$ cat my_file_5.json   # JSON, C-alpha atoms and all ligand atoms
[["chain", "number", "residue", "atom", "x", "y", "z"],
["A", 1, "MET", "CA", 50.08, -21.29, -82.00],
["A", 2, "VAL", "CA", 49.38, -24.33, -84.11],
["A", 3, "SER", "CA", 52.44, -26.17, -85.32],
["A", 4, "VAL", "CA", 52.22, -27.31, -88.90],
["A", 5, "ILE", "CA", 55.92, -27.33, -89.66],
["A", 6, "MET", "CA", 57.84, -30.54, -89.32],
["A", 7, "PRO", "CA", 60.50, -29.70, -86.77],
["A", 8, "LYS", "CA", 64.14, -29.88, -87.69],
["A", 9, "GLU", "CA", 66.85, -31.30, -85.50],
["A", 10, "LYS", "CA", 68.86, -28.70, -83.68],
["A", 11, "THR", "CA", 71.92, -29.68, -81.77],
["A", 12, "CYS", "CA", 71.86, -26.59, -79.58],
["A", 13, "PRO", "CA", 68.89, -24.30, -78.95],
["A", 14, "PRO", "CA", 69.51, -20.58, -78.68],
["A", 15, "ILE", "CA", 70.64, -19.51, -75.24],
["A", 16, "ARG", "CA", 67.67, -18.39, -73.22],
["A", 17, "HIS", "CA", 67.57, -17.83, -69.50],
["A", 18, "GLY", "CA", 71.34, -17.92, -69.62],
["A", 19, "VAL", "CA", 71.73, -21.68, -70.03],
["A", 20, "LYS", "CA", 71.98, -24.19, -72.82],
["A", 21, "PHE", "CA", 70.72, -27.72, -72.74],
["A", 22, "CYS", "CA", 73.15, -29.34, -75.10],
["A", 23, "ALA", "CA", 76.44, -29.82, -73.32],
["A", 24, "ALA", "CA", 76.68, -32.19, -70.40],
["A", 25, "PRO", "CA", 76.75, -30.16, -67.22],
["A", 26, "SER", "CA", 75.13, -31.38, -64.07],
["A", 27, "PRO", "CA", 71.34, -31.52, -64.31],
["A", 28, "ARG", "CA", 70.91, -28.75, -61.80],
["A", 29, "ALA", "CA", 73.35, -26.48, -63.59],
["A", 30, "ALA", "CA", 71.71, -27.26, -66.93],
["A", 31, "LEU", "CA", 68.31, -26.11, -65.76],
["A", 32, "GLY", "CA", 69.15, -23.53, -63.15],
["A", 33, "SER", "CA", 67.22, -25.54, -60.60],
["A", 34, "GLN", "CA", 67.66, -24.74, -56.95],
["A", 35, "SER", "CA", 66.26, -27.92, -55.50],
["A", 36, "GLY", "CA", 67.25, -31.48, -56.27],
["A", 37, "ASN", "CA", 64.43, -33.23, -54.47],
["A", 38, "PRO", "CA", 62.31, -35.23, -56.91],
["A", 39, "ALA", "CA", 59.41, -35.50, -54.48],
["A", 40, "LEU", "CA", 56.20, -36.40, -56.25],
["A", 41, "THR", "CA", 52.92, -34.85, -55.29],
["A", 42, "PHE", "CA", 50.51, -37.60, -56.24],
["A", 43, "ALA", "CA", 49.92, -41.15, -55.27],
["A", 44, "GLN", "CA", 52.49, -43.72, -56.19],
["A", 45, "SER", "CA", 51.07, -46.74, -57.97],
["A", 46, "ALA", "CA", 52.62, -50.19, -57.96],
["A", 47, "ALA", "CA", 56.37, -50.36, -58.54],
["A", 48, "PRO", "CA", 57.09, -50.71, -62.23],
["A", 49, "THR", "CA", 58.71, -53.78, -63.69],
["A", 50, "ALA", "CA", 61.57, -52.93, -66.00],
["A", 51, "GLN", "CA", 61.44, -54.38, -69.51],
["A", 52, "CYS", "CA", 65.19, -54.38, -69.80],
["A", 53, "HIS", "CA", 67.63, -56.97, -71.06],
["A", 54, "ASP", "CA", 71.37, -56.86, -70.79],
["A", 55, "ALA", "CA", 73.00, -55.07, -73.74],
["A", 56, "ASP", "CA", 69.69, -53.55, -74.82],
["A", 57, "GLU", "CA", 69.91, -50.89, -77.48],
["A", 58, "ALA", "CA", 69.81, -47.35, -76.19],
["A", 59, "THR", "CA", 66.55, -45.45, -76.66],
["A", 60, "ILE", "CA", 66.54, -43.83, -80.08],
["A", 61, "ARG", "CA", 66.95, -40.10, -80.43],
["A", 62, "GLN", "CA", 64.51, -37.80, -82.16],
["A", 63, "THR", "CA", 64.37, -34.14, -83.00],
["A", 64, "GLN", "CA", 63.49, -31.81, -80.16],
["A", 65, "GLY", "CA", 61.31, -29.73, -82.49],
["A", 66, "PRO", "CA", 60.95, -25.97, -82.34],
["A", 67, "TYR", "CA", 59.31, -25.54, -78.93],
["A", 68, "PHE", "CA", 61.83, -26.65, -76.33],
["A", 69, "LYS", "CA", 62.45, -24.13, -73.56],
["A", 70, "PRO", "CA", 65.21, -24.53, -70.97],
["A", 71, "SER", "CA", 64.69, -23.84, -67.28],
["A", 72, "SER", "CA", 61.33, -25.53, -66.93],
["A", 73, "PRO", "CA", 59.93, -25.73, -63.38],
["A", 74, "GLN", "CA", 60.83, -28.74, -61.27],
["A", 75, "ARG", "CA", 57.52, -30.52, -60.83],
["A", 76, "ALA", "CA", 55.94, -33.89, -61.54],
["A", 77, "ASP", "CA", 52.35, -32.67, -61.89],
["A", 78, "LEU", "CA", 51.75, -30.60, -65.02],
["A", 79, "VAL", "CA", 47.94, -30.75, -65.05],
["A", 80, "GLU", "CA", 46.32, -27.32, -65.34],
["A", 81, "PRO", "CA", 43.18, -26.89, -63.26],
["A", 82, "GLU", "CA", 40.89, -25.88, -66.14],
["A", 83, "THR", "CA", 41.70, -28.75, -68.46],
["A", 84, "LYS", "CA", 39.06, -31.16, -69.72],
["A", 85, "ALA", "CA", 41.64, -33.34, -71.44],
["A", 86, "ARG", "CA", 42.22, -36.97, -70.61],
["A", 87, "LEU", "CA", 44.70, -37.36, -67.77],
["A", 88, "VAL", "CA", 47.83, -39.40, -68.34],
["A", 89, "GLU", "CA", 50.33, -40.63, -65.79],
["A", 90, "ILE", "CA", 53.65, -41.31, -67.52],
["A", 91, "ASN", "CA", 56.02, -43.43, -65.52],
["A", 92, "GLY", "CA", 58.97, -45.74, -65.93],
["A", 93, "GLN", "CA", 62.63, -46.09, -65.23],
["A", 94, "VAL", "CA", 65.84, -44.67, -66.61],
["A", 95, "LEU", "CA", 68.28, -47.52, -67.12],
["A", 96, "THR", "CA", 71.74, -48.16, -68.51],
["A", 97, "ARG", "CA", 72.30, -50.65, -71.33],
["A", 98, "SER", "CA", 73.18, -53.20, -68.67],
["A", 99, "CYS", "CA", 69.84, -52.52, -66.93],
["A", 100, "ARG", "CA", 71.25, -50.60, -64.00],
["A", 101, "PRO", "CA", 68.89, -47.89, -62.78],
["A", 102, "VAL", "CA", 70.16, -44.34, -63.20],
["A", 103, "GLU", "CA", 69.65, -42.34, -60.04],
["A", 104, "ARG", "CA", 69.17, -38.58, -60.20],
["A", 105, "ALA", "CA", 68.74, -38.56, -63.96],
["A", 106, "LEU", "CA", 67.11, -35.39, -65.23],
["A", 107, "VAL", "CA", 63.83, -36.01, -67.06],
["A", 108, "ASP", "CA", 62.37, -32.94, -68.79],
["A", 109, "LEU", "CA", 58.92, -33.16, -70.40],
["A", 110, "TRP", "CA", 57.10, -30.68, -72.63],
["A", 111, "HIS", "CA", 54.12, -31.04, -74.93],
["A", 112, "ALA", "CA", 51.15, -29.37, -76.61],
["A", 113, "ASP", "CA", 48.03, -28.69, -74.57],
["A", 114, "ASP", "CA", 44.46, -29.80, -75.30],
["A", 115, "ARG", "CA", 44.06, -26.90, -77.80],
["A", 116, "ARG", "CA", 47.09, -27.95, -79.84],
["A", 117, "GLU", "CA", 49.24, -25.17, -78.45],
["A", 118, "TYR", "CA", 52.68, -25.09, -76.89],
["A", 119, "ASP", "CA", 53.15, -22.47, -74.21],
["A", 120, "ASN", "CA", 56.08, -20.47, -75.51],
["A", 121, "ALA", "CA", 55.48, -17.53, -73.19],
["A", 122, "GLY", "CA", 55.28, -19.48, -69.94],
["A", 123, "PHE", "CA", 55.67, -23.05, -68.75],
["A", 124, "ARG", "CA", 52.26, -24.70, -69.04],
["A", 125, "TYR", "CA", 52.78, -28.40, -69.73],
["A", 126, "ARG", "CA", 56.50, -28.11, -69.16],
["A", 127, "GLY", "CA", 58.39, -29.53, -66.21],
["A", 128, "HIS", "CA", 61.34, -31.58, -65.10],
["A", 129, "LEU", "CA", 62.17, -33.95, -62.27],
["A", 130, "PHE", "CA", 64.99, -36.22, -61.14],
["A", 131, "THR", "CA", 64.77, -39.99, -60.92],
["A", 132, "ASP", "CA", 64.78, -41.66, -57.54],
["A", 133, "GLY", "CA", 67.26, -44.23, -56.24],
["A", 134, "GLU", "CA", 65.78, -46.89, -58.48],
["A", 135, "GLY", "CA", 65.86, -44.73, -61.57],
["A", 136, "ARG", "CA", 62.10, -44.16, -61.50],
["A", 137, "TYR", "CA", 60.26, -41.13, -62.79],
["A", 138, "ARG", "CA", 56.57, -40.28, -62.82],
["A", 139, "PHE", "CA", 54.71, -37.36, -64.39],
["A", 140, "ARG", "CA", 51.03, -36.56, -64.19],
["A", 141, "THR", "CA", 49.83, -34.63, -67.20],
["A", 142, "ILE", "CA", 47.25, -34.65, -70.01],
["A", 143, "GLN", "CA", 46.93, -36.26, -73.39],
["A", 144, "PRO", "CA", 48.08, -33.61, -75.86],
["A", 145, "ALA", "CA", 45.82, -32.70, -78.76],
["A", 146, "LEU", "CA", 46.46, -33.79, -82.30],
["A", 147, "TYR", "CA", 47.59, -31.08, -84.64],
["A", 148, "PRO", "CA", 48.11, -31.08, -88.40],
["A", 149, "GLY", "CA", 51.21, -32.83, -89.57],
["A", 150, "ARG", "CA", 51.98, -34.71, -86.36],
["A", 151, "THR", "CA", 50.54, -37.59, -84.44],
["A", 152, "ARG", "CA", 49.98, -37.26, -80.69],
["A", 153, "HIS", "CA", 53.35, -37.07, -78.93],
["A", 154, "TYR", "CA", 55.34, -35.94, -75.93],
["A", 155, "HIS", "CA", 58.79, -34.38, -76.08],
["A", 156, "ILE", "CA", 61.31, -35.45, -73.53],
["A", 157, "LYS", "CA", 64.96, -35.07, -72.58],
["A", 158, "VAL", "CA", 66.77, -37.48, -70.29],
["A", 159, "GLN", "CA", 70.22, -36.89, -68.88],
["A", 160, "ALA", "CA", 72.25, -38.91, -66.40],
["A", 161, "PRO", "CA", 74.49, -36.74, -64.21],
["A", 162, "GLU", "CA", 77.47, -35.46, -66.18],
["A", 163, "ARG", "CA", 76.37, -37.35, -69.29],
["A", 164, "PRO", "CA", 75.07, -36.25, -72.70],
["A", 165, "VAL", "CA", 71.40, -35.44, -73.13],
["A", 166, "LEU", "CA", 69.05, -37.92, -74.81],
["A", 167, "THR", "CA", 66.34, -36.02, -76.69],
["A", 168, "THR", "CA", 63.42, -38.01, -78.01],
["A", 169, "GLN", "CA", 59.61, -38.23, -78.32],
["A", 170, "LEU", "CA", 57.02, -40.64, -76.94],
["A", 171, "TYR", "CA", 53.90, -41.87, -78.73],
["A", 172, "PHE", "CA", 50.56, -43.56, -78.10],
["A", 173, "PRO", "CA", 50.65, -47.02, -79.73],
["A", 174, "ASP", "CA", 47.05, -47.11, -80.99],
["A", 175, "GLU", "CA", 46.78, -43.57, -82.30],
["A", 176, "PRO", "CA", 45.50, -43.75, -85.93],
["A", 177, "ALA", "CA", 47.53, -40.68, -86.90],
["A", 178, "ASN", "CA", 50.75, -42.62, -86.23],
["A", 179, "ARG", "CA", 50.48, -44.04, -89.73],
["A", 180, "ARG", "CA", 50.61, -40.57, -91.27],
["A", 181, "ASP", "CA", 53.51, -39.26, -89.21],
["A", 182, "GLY", "CA", 56.95, -39.97, -90.64],
["A", 183, "LEU", "CA", 58.56, -39.34, -87.25],
["A", 184, "PHE", "CA", 56.55, -42.04, -85.47],
["A", 185, "ARG", "CA", 58.62, -44.99, -84.31],
["A", 186, "ARG", "CA", 57.09, -48.08, -82.77],
["A", 187, "ASP", "CA", 60.11, -48.32, -80.45],
["A", 188, "LEU", "CA", 59.03, -45.06, -78.86],
["A", 189, "ALA", "CA", 55.42, -46.07, -78.19],
["A", 190, "MET", "CA", 54.45, -46.09, -74.53],
["A", 191, "ARG", "CA", 52.70, -49.06, -72.97],
["A", 192, "ILE", "CA", 49.21, -47.83, -72.20],
["A", 193, "THR", "CA", 46.74, -49.18, -69.65],
["A", 194, "GLU", "CA", 43.46, -47.74, -68.47],
["A", 195, "ALA", "CA", 43.60, -46.13, -65.03],
["A", 196, "PRO", "CA", 40.71, -44.96, -62.81],
["A", 197, "ASP", "CA", 41.09, -41.30, -63.78],
["A", 198, "GLY", "CA", 42.70, -41.58, -67.20],
["A", 199, "LEU", "CA", 45.56, -43.50, -68.75],
["A", 200, "ALA", "CA", 48.70, -44.99, -67.27],
["A", 201, "ALA", "CA", 51.58, -44.83, -69.72],
["A", 202, "ARG", "CA", 54.81, -46.72, -69.17],
["A", 203, "PHE", "CA", 58.13, -46.10, -70.89],
["A", 204, "ASP", "CA", 61.62, -47.11, -69.81],
["A", 205, "PHE", "CA", 64.52, -45.12, -71.20],
["A", 206, "VAL", "CA", 67.82, -46.88, -71.88],
["A", 207, "LEU", "CA", 70.79, -44.54, -71.92],
["A", 208, "ASP", "CA", 73.91, -45.31, -73.91],
["A", 209, "MET", "CA", 76.04, -46.12, -70.88],
["A", 210, "ARG", "CA", 76.94, -49.34, -69.08],
["A", 301, "FE", "FE", 55.76, -31.43, -80.84]]

$ encode --input "my_file_5.json" --output "structure tokens" --more "lines below"
Ligand SMILES: [Fe+2]
Amino acid sequence: MVSVIMPKEKTCPPIRHGVKFCAAPSPRAALGSQSGNPALTFAQSAAPTAQCHDADEATIRQTQGPYFKPSSPQRADLVEPETKARLVEINGQVLTRSCRPVERALVDLWHADDRREYDNAGFRYRGHLFTDGEGRYRFRTIQPALYPGRTRHYHIKVQAPERPVLTTQLYFPDEPANRRDGLFRRDLAMRITEAPDGLAARFDFVLDMR
């Protein structure tokens, strides 16, 4: 399905799979996950350097749009075998406003595929993980396609244990369609570098906690 409707903010999605993702339960309870191990299945690159300053503003919130699904699989690698899309490794840290790393924060990612479609029947290009002891997360996925009405973007939720959920979106800084998308915010643009097999995208989340 091609999305042409500007999504509206919803504070609570309908209950599906028996759980909501809008209160502040533990990450595992929120997603019905059985395992808490955030083991990554691909090579770790150099340790990231946080771009954090004491008393930084928290990462801004954005609408979750119409295609969020709770209970995504716990996995860091979302790449489907048949894809010809550009690969993107999204990594960074989850930090407090005083730059402390947030361990075991839930990071849930979902986005359109290379044919402009969200998988609303299954979980293609949907997954969640938990940050490590230094607040780091790392997903391997693809660059989503452009579709009418929106620039290229990822949807993401971040939640420290027992804390409220931050829902937002991430953008590519040099995407020409950014100028035509009223939701685009420069503050939510990832830092992009070329990598051997695609793009490396860096974004640090700052949660509204000390
Ligand atoms: Fe979207």

$ closest_residue --input "my_file_5.json" --among "A:Ala105, A:Ala200, A:Ile156, A:Met209" --to "Thr63 in chain A" --atoms "all atoms listed in the file"
A:Ile156

$ closest_atom_pairs --input "my_file_5.json" --of "chain A" --to "ligand FE 301 (chain A)" --cutoff "12 Å" --atoms "only C-alpha atoms and all ligand atoms" --output "JSON lines"
{"residue": "A:Met1", "atom": "CA", "partner": "A:FE301", "partner_atom": "FE", "distance": 11.7}
{"residue": "A:Val2", "atom": "CA", "partner": "A:FE301", "partner_atom": "FE", "distance": 10.1}
{"residue": "A:Ser3", "atom": "CA", "partner": "A:FE301", "partner_atom": "FE", "distance": 7.7}
{"residue": "A:Val4", "atom": "CA", "partner": "A:FE301", "partner_atom": "FE", "distance": 9.7}
{"residue": "A:Ile5", "atom": "CA", "partner": "A:FE301", "partner_atom": "FE", "distance": 9.7}
{"residue": "A:Met6", "atom": "CA", "partner": "A:FE301", "partner_atom": "FE", "distance": 8.8}
{"residue": "A:Pro7", "atom": "CA", "partner": "A:FE301", "partner_atom": "FE", "distance": 7.8}
{"residue": "A:Lys8", "atom": "CA", "partner": "A:FE301", "partner_atom": "FE", "distance": 10.9}
{"residue": "A:Gln62", "atom": "CA", "partner": "A:FE301", "partner_atom": "FE", "distance": 10.9}
{"residue": "A:Thr63", "atom": "CA", "partner": "A:FE301", "partner_atom": "FE", "distance": 9.3}
{"residue": "A:Gln64", "atom": "CA", "partner": "A:FE301", "partner_atom": "FE", "distance": 7.8}
{"residue": "A:Gly65", "atom": "CA", "partner": "A:FE301", "partner_atom": "FE", "distance": 6.0}
{"residue": "A:Pro66", "atom": "CA", "partner": "A:FE301", "partner_atom": "FE", "distance": 7.7}
{"residue": "A:Tyr67", "atom": "CA", "partner": "A:FE301", "partner_atom": "FE", "distance": 7.1}
{"residue": "A:Phe68", "atom": "CA", "partner": "A:FE301", "partner_atom": "FE", "distance": 8.9}
{"residue": "A:Leu109", "atom": "CA", "partner": "A:FE301", "partner_atom": "FE", "distance": 11.0}
{"residue": "A:Trp110", "atom": "CA", "partner": "A:FE301", "partner_atom": "FE", "distance": 8.4}
{"residue": "A:His111", "atom": "CA", "partner": "A:FE301", "partner_atom": "FE", "distance": 6.1}
{"residue": "A:Ala112", "atom": "CA", "partner": "A:FE301", "partner_atom": "FE", "distance": 6.6}
{"residue": "A:Asp113", "atom": "CA", "partner": "A:FE301", "partner_atom": "FE", "distance": 10.3}
{"residue": "A:Arg116", "atom": "CA", "partner": "A:FE301", "partner_atom": "FE", "distance": 9.4}
{"residue": "A:Glu117", "atom": "CA", "partner": "A:FE301", "partner_atom": "FE", "distance": 9.3}
{"residue": "A:Tyr118", "atom": "CA", "partner": "A:FE301", "partner_atom": "FE", "distance": 8.1}
{"residue": "A:Asp119", "atom": "CA", "partner": "A:FE301", "partner_atom": "FE", "distance": 11.4}
{"residue": "A:Tyr125", "atom": "CA", "partner": "A:FE301", "partner_atom": "FE", "distance": 11.9}
{"residue": "A:Pro144", "atom": "CA", "partner": "A:FE301", "partner_atom": "FE", "distance": 9.4}
{"residue": "A:Ala145", "atom": "CA", "partner": "A:FE301", "partner_atom": "FE", "distance": 10.2}
{"residue": "A:Leu146", "atom": "CA", "partner": "A:FE301", "partner_atom": "FE", "distance": 9.7}
{"residue": "A:Tyr147", "atom": "CA", "partner": "A:FE301", "partner_atom": "FE", "distance": 9.0}
{"residue": "A:Pro148", "atom": "CA", "partner": "A:FE301", "partner_atom": "FE", "distance": 10.8}
{"residue": "A:Gly149", "atom": "CA", "partner": "A:FE301", "partner_atom": "FE", "distance": 9.9}
{"residue": "A:Arg150", "atom": "CA", "partner": "A:FE301", "partner_atom": "FE", "distance": 7.5}
{"residue": "A:Thr151", "atom": "CA", "partner": "A:FE301", "partner_atom": "FE", "distance": 8.8}
{"residue": "A:Arg152", "atom": "CA", "partner": "A:FE301", "partner_atom": "FE", "distance": 8.2}
{"residue": "A:His153", "atom": "CA", "partner": "A:FE301", "partner_atom": "FE", "distance": 6.4}
{"residue": "A:Tyr154", "atom": "CA", "partner": "A:FE301", "partner_atom": "FE", "distance": 6.7}
{"residue": "A:His155", "atom": "CA", "partner": "A:FE301", "partner_atom": "FE", "distance": 6.4}
{"residue": "A:Ile156", "atom": "CA", "partner": "A:FE301", "partner_atom": "FE", "distance": 10.0}
{"residue": "A:Thr168", "atom": "CA", "partner": "A:FE301", "partner_atom": "FE", "distance": 10.5}
{"residue": "A:Gln169", "atom": "CA", "partner": "A:FE301", "partner_atom": "FE", "distance": 8.2}
{"residue": "A:Leu170", "atom": "CA", "partner": "A:FE301", "partner_atom": "FE", "distance": 10.1}
{"residue": "A:Tyr171", "atom": "CA", "partner": "A:FE301", "partner_atom": "FE", "distance": 10.8}
{"residue": "A:Asp181", "atom": "CA", "partner": "A:FE301", "partner_atom": "FE", "distance": 11.7}
{"residue": "A:Leu183", "atom": "CA", "partner": "A:FE301", "partner_atom": "FE", "distance": 10.6}
{"residue": "A:Phe184", "atom": "CA", "partner": "A:FE301", "partner_atom": "FE", "distance": 11.6}

$ atom_distance --input "my_file_5.json" --atom1 "CA of Lys157 in chain A" --atom2 "CA of Phe139 in chain A"
13.3 Å

$ atom_distance --input "my_file_5.json" --atom1 "CA of His53 in chain A" --atom2 "CA of Asp108 in chain A"
24.7 Å

$ atom_distance --input "my_file_5.json" --atom1 "CA of Leu78 in chain A" --atom2 "CA of Gly122 in chain A"
12.7 Å

$ residues_around --input "my_file_5.json" --residues "Gln143 in chain A" --least-positions-apart "3" --cutoff "8 Å" --atoms "all atoms listed in the file" --output "list in words"
Ala85, Arg86, Leu87, Val88, Asp113, Asp114 and Arg152 of chain A

$ closest_residue --input "my_file_5.json" --among "A:Gln159, A:Thr83, A:Thr141, A:Gln74" --to "Phe205 in chain A" --atoms "all atoms listed in the file"
A:Gln159

$ closest_residue --input "my_file_5.json" --among "A:Pro101, A:Pro73, A:Pro81, A:Gly198" --to "Arg136 in chain A" --atoms "all atoms listed in the file"
A:Pro101

$ residues_near_point --input "my_file_5.json" --point "(47.8, -44.5, -65.3)" --cutoff "9 Å" --atoms "all atoms listed in the file" --output "PyMOL selection string"
chain A and resi 45+87-91+140+192-202

$ axis_aligned_box --input "my_file_5.json" --around "range 146-160 of chain A" --padding-each-side "8 Å" --output "AutoDock Vina command-line options"
--center_x 59.4 --center_y -35.0 --center_z -78.0 --size_x 41.8 --size_y 23.8 --size_z 39.2
